[in-house]
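Participant: This is the structure, below, for whatever I ask next.
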Amino acid sequence: LMGGTNVTLLSEFIMLGLPGLQEHNTALFTFFLILILATLLGNLLIVVLISLDHRLHTPMYFFLWNLAVLDVLITVTVIPKLLAVLSGHDKTISFFGCFAQMYFFISFAAVEAYLVAVMAYDRYVAIVKPLHYNNVMSMRVCITMMASIWVLGFLAPLTSVILASTSSYCGSNHILHIVCDYPTVMSLACGDVTAQVNLALCLAMAGIYIPVLFVLWSYYRIICSVIKMKTLQSRKKAFSMCSSHVIVVFLYYMSSAVVYIGMRVEGIPRDGRIFSGAVHYFLTPFINPIIYSLSHEKIKAAAHRYLRLNVSIQHTAK
């Protein structure tokens, strides 16, 4: 009973995934299974190589290691449940499971947004203040920055998710998404939740636009510094130092923009909007290791060195 009327409070949700594409569930299951395996393989390879190779124990690769860990965490937070939904094995998700997924997914996404900004600052110091780089970006400073953004990332969604989890849900329990997305879940809440949604929107905007402005400021200073360089060789070297990060930043914010636009254009079908969200969730974790592996000679050298060593050990054992 609720408010003197017969209202049944929900105890679980049913995740529908892509309801308009149910006849293609087998193909979608195969696609996302390949995607999760490729994403995990690429990012875990980077984690292992950076951990093992002392030549990669520098600030830039320390941040890259954290980025790869985040990409793994974001992937395993979302795709396993999505695979269960697409296979038809289990479409239900408990209240606790739904809000836990929501909290960790938003937290990891927030940490990644802050990390992108910190990596931009690292490139700024490397190019604009190269003589002071070792002092400014000492390992102690890097660890402090990373610890701070992990803490901030986990604090960012805390208020919104707690308020959402204490709301009453008494209508439909069908989540028309591939993840327990905050706006989608809140649309199922009873009563007026406008104040909660507006608060969450303000916190999200602050969490998104502050890092964006910082990234833009960093690259503005980098471009100004590069323009002042006297030789073409120096300019090429400076641009090559931040090329991979520029591509990652572009993909990260481009996919975010696609989701933002897709959610607000009325002419786009719901399945199209959900799929655009999937692009944002899974594109960058999949592509990041490819970008960094191709553009960083040290990563490629480390991979060649350790893979060759492994083959040599196996050959000796035989």
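As shown in the structure tokens, the chain order sets the letters A, B, ...; within each chain, residues go from 1, and ligands are also counted from 1 in the order they appear.
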What's the 10 Å shell around Leu152 of chain A, counting only C-alpha atoms, without same-chain residues fewer than 2 positions away, as a list in words?
Facilitator: Ser107, Ala110, Val111, Tyr114, Met146, Ala147, Ser148, Ile149, Trp150, Phe154, Leu155, Ala156, Pro157 and Gly207 of chain A
Participant: Write out, as an mmCIF file, in the first residue's frame, the residues just selected, with C-alpha atoms.
Facilitator:
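Output (again-v7.cif):
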data_model
loop_
_atom_site.group_PDB
_atom_site.id
_atom_site.type_symbol
_atom_site.label_atom_id
_atom_site.label_comp_id
_atom_site.auth_asym_id
_atom_site.auth_seq_id
_atom_site.Cartn_x
_atom_site.Cartn_y
_atom_site.Cartn_z
ATOM 1 C CA SER A 107 31.750 6.687 -11.415
ATOM 2 C CA ALA A 110 33.498 10.434 -14.379
ATOM 3 C CA VAL A 111 37.009 9.206 -13.522
ATOM 4 C CA TYR A 114 38.903 13.687 -15.272
ATOM 5 C CA MET A 146 45.243 9.895 -9.871
ATOM 6 C CA ALA A 147 44.107 9.198 -6.302
ATOM 7 C CA SER A 148 42.255 12.527 -6.284
ATOM 8 C CA ILE A 149 40.378 11.903 -9.539
ATOM 9 C CA TRP A 150 39.438 8.354 -8.492
ATOM 10 C CA PHE A 154 33.350 7.921 -6.943
ATOM 11 C CA LEU A 155 31.923 10.892 -5.050
ATOM 12 C CA ALA A 156 30.391 12.571 -8.138
ATOM 13 C CA PRO A 157 27.331 10.304 -8.593
ATOM 14 C CA GLY A 207 31.538 17.032 -14.161
#
Participant: Env of Thr284 of chain A: 10 Å cut, atoms = only C-alpha atoms, seq-sep filter 3 positions within chain, self excluded. Answer as a list in words.
Facilitator: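 Non-adjacent residues within range: Thr39, Asp71, Val248, Val249, Leu251, Tyr252, Tyr253, Ser255, Val279, His280, Tyr281, Ile287, Asn288, Pro289, Ile290 and Ile291 of chain A.
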Participant: Identify, with DSSP run on backbone atoms, the residues in segment 62-242 of chain A assigned to helix (DSSP H, G or I), and express the list as a VMD selection string.
Facilitator: chain A and resid 62 to 87 95 to 128 130 to 136 139 to 155 158 to 165 182 to 186 194 to 228 232 to 242
Participant: Could you list, as an MDAnalysis selection string, every residue within 8 Å of Ile46 of chain A, counting only C-alpha atoms and ignoring same-chain residues fewer than 2 positions away?
Facilitator: chainID A and resid 42:44 48:50 65 68 289 299
Participant: My list of candidates is A:Val197, A:Ala303, A:Cys170, A:Val136. Which is closest to Pro183 of chain A when distances are computed with only C-alpha atoms?
Facilitator: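 Result for the nearest residue to Pro183 of chain A: A:Val197.
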Participant: Counting only C-alpha atoms, which residue out of A:Val185, A:Leu33, A:Tyr292, A:Arg140 sits closest to Ser243 of chain A?
Facilitator: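 The shortest atom-to-atom distance to Ser243 of chain A comes from A:Tyr292.
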Participant: Taking only C-alpha atoms into account, name the residue in A:Tyr219, A:Tyr133, A:Phe95, A:Phe108 that is nearest to Asn66 of chain A.
Facilitator: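 Using only C-alpha atoms, the shortest distance to Asn66 of chain A belongs to A:Phe108.
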Participant: Which residues are close to Thr26 of chain A, i.e. within 10 Å by only C-alpha atoms, leaving aside same-chain residues fewer than 4 positions away? Reply as a PDB file with N, CA and C atoms, in the first residue's frame.
Facilitator:
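Generated file (selection11.pdb):
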ATOM      1  N   GLN A  22      14.819  -7.382 -31.658  1.00  0.00           N
ATOM      2  CA  GLN A  22      14.866  -8.683 -30.992  1.00  0.00           C
ATOM      3  C   GLN A  22      15.132  -9.833 -31.959  1.00  0.00           C
ATOM      4  N   THR A  30      26.551 -11.943 -30.655  1.00  0.00           N
ATOM      5  CA  THR A  30      27.868 -12.264 -31.222  1.00  0.00           C
ATOM      6  C   THR A  30      28.737 -11.018 -31.336  1.00  0.00           C
ATOM      7  N   PHE A  31      28.123  -9.915 -31.800  1.00  0.00           N
ATOM      8  CA  PHE A  31      28.855  -8.654 -31.963  1.00  0.00           C
ATOM      9  C   PHE A  31      29.414  -8.163 -30.630  1.00  0.00           C
ATOM     10  N   LEU A  83      24.874  -9.156 -22.447  1.00  0.00           N
ATOM     11  CA  LEU A  83      24.940 -10.452 -23.109  1.00  0.00           C
ATOM     12  C   LEU A  83      23.877 -11.404 -22.563  1.00  0.00           C
ATOM     13  N   LEU A  86      20.571 -10.272 -24.164  1.00  0.00           N
ATOM     14  CA  LEU A  86      20.482 -10.617 -25.584  1.00  0.00           C
ATOM     15  C   LEU A  86      20.331 -12.126 -25.804  1.00  0.00           C
ATOM     16  N   SER A  87      20.917 -12.910 -24.902  1.00  0.00           N
ATOM     17  CA  SER A  87      20.798 -14.366 -25.022  1.00  0.00           C
ATOM     18  C   SER A  87      19.449 -14.866 -24.548  1.00  0.00           C
ATOM     19  N   GLY A  88      18.681 -13.996 -23.864  1.00  0.00           N
ATOM     20  CA  GLY A  88      17.389 -14.395 -23.312  1.00  0.00           C
ATOM     21  C   GLY A  88      17.522 -15.196 -22.035  1.00  0.00           C
TER      22      GLY A  88
END
Participant: Between A:Ser187, A:Gln101, A:Ser225, A:Ser218, which one has atoms that come closest to Val128 of chain A, using only C-alpha atoms?
Facilitator: A:Ser225
Participant: Need to verify the contact set: Ala200 of chain A, 12 Å, only C-alpha atoms, exclusion of same-chain residues closer than 3 positions in sequence. Can you return it as a PyMOL selection string?
Facilitator: chain A and resi 106+156-164+182-183+186+193-197+203-207
Participant: Return as a VMD selection string the full set of residues in segment 32-260 of chain A whose backbone-based DSSP assignment is strand (DSSP E).
Facilitator: chain A and resid 92 to 94 174 to 175
Participant: Return the single residue from A:Met15, A:Leu201, A:Ile208, A:Ile247 that is closest to Ala84 of chain A, with distances computed using only C-alpha atoms.
Facilitator: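 The shortest atom-to-atom distance to Ala84 of chain A comes from A:Met15.
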Participant: Find the distance between atom CA of Phe105 of chain A and atom CA of Arg123 of chain A and write it in Å to one decimal.
Facilitator: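 If I compute the distance from atom CA of Phe105 of chain A to atom CA of Arg123 of chain A, I get 27.2 Å.
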Participant: Interatomic distance between atom CA of His304 of chain A and atom CA of Met139 of chain A?
Facilitator: 26.4 Å
Participant: Compile the contact shell of Ile79 of chain A as number ranges by chain: residues with an atom at most 9 Å away, counting only C-alpha atoms, same-chain residues fewer than 2 positions apart removed.
Facilitator: A: 32-33, 36, 74-77, 81-84, 178-179, 282
Participant: How would the residues just chosen look if you wrote them out with C-alpha atoms as a PDB file, in the first residue's frame?
Facilitator:
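selection.pdb written:
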ATOM      1  CA  PHE A  32      29.003  -7.612 -28.296  1.00  0.00           C
ATOM      2  CA  LEU A  33      30.758 -10.846 -27.269  1.00  0.00           C
ATOM      3  CA  ILE A  36      34.091  -7.434 -25.008  1.00  0.00           C
ATOM      4  CA  ILE A  74      33.500   0.135 -17.798  1.00  0.00           C
ATOM      5  CA  THR A  75      33.249  -2.851 -20.146  1.00  0.00           C
ATOM      6  CA  VAL A  76      32.703  -5.489 -17.437  1.00  0.00           C
ATOM      7  CA  THR A  77      30.170  -3.232 -15.694  1.00  0.00           C
ATOM      8  CA  LYS A  81      24.496  -8.197 -18.247  1.00  0.00           C
ATOM      9  CA  LEU A  82      23.800  -7.047 -21.814  1.00  0.00           C
ATOM     10  CA  LEU A  83      24.940 -10.452 -23.109  1.00  0.00           C
ATOM     11  CA  ALA A  84      22.602 -12.183 -20.641  1.00  0.00           C
ATOM     12  CA  ILE A 178      21.129  -1.729 -22.400  1.00  0.00           C
ATOM     13  CA  VAL A 179      22.231  -0.398 -19.007  1.00  0.00           C
ATOM     14  CA  PHE A 282      31.978   0.767 -25.938  1.00  0.00           C
TER      15      PHE A 282
END
Participant: Name the closest residue to Ser168 of chain A among the candidates A:Ala301, A:Ala189, A:Val226, A:Ile210; distances are taken between atoms, counting only C-alpha atoms.
Facilitator: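 Checking each candidate against Ser168 of chain A, we get A:Ala189 as the closest.
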Participant: Expressed in Å to a single decimal, how great is the separation between atom CA of Val72 of chain A and atom CA of Leu41 of chain A?
Facilitator: 9.2 Å
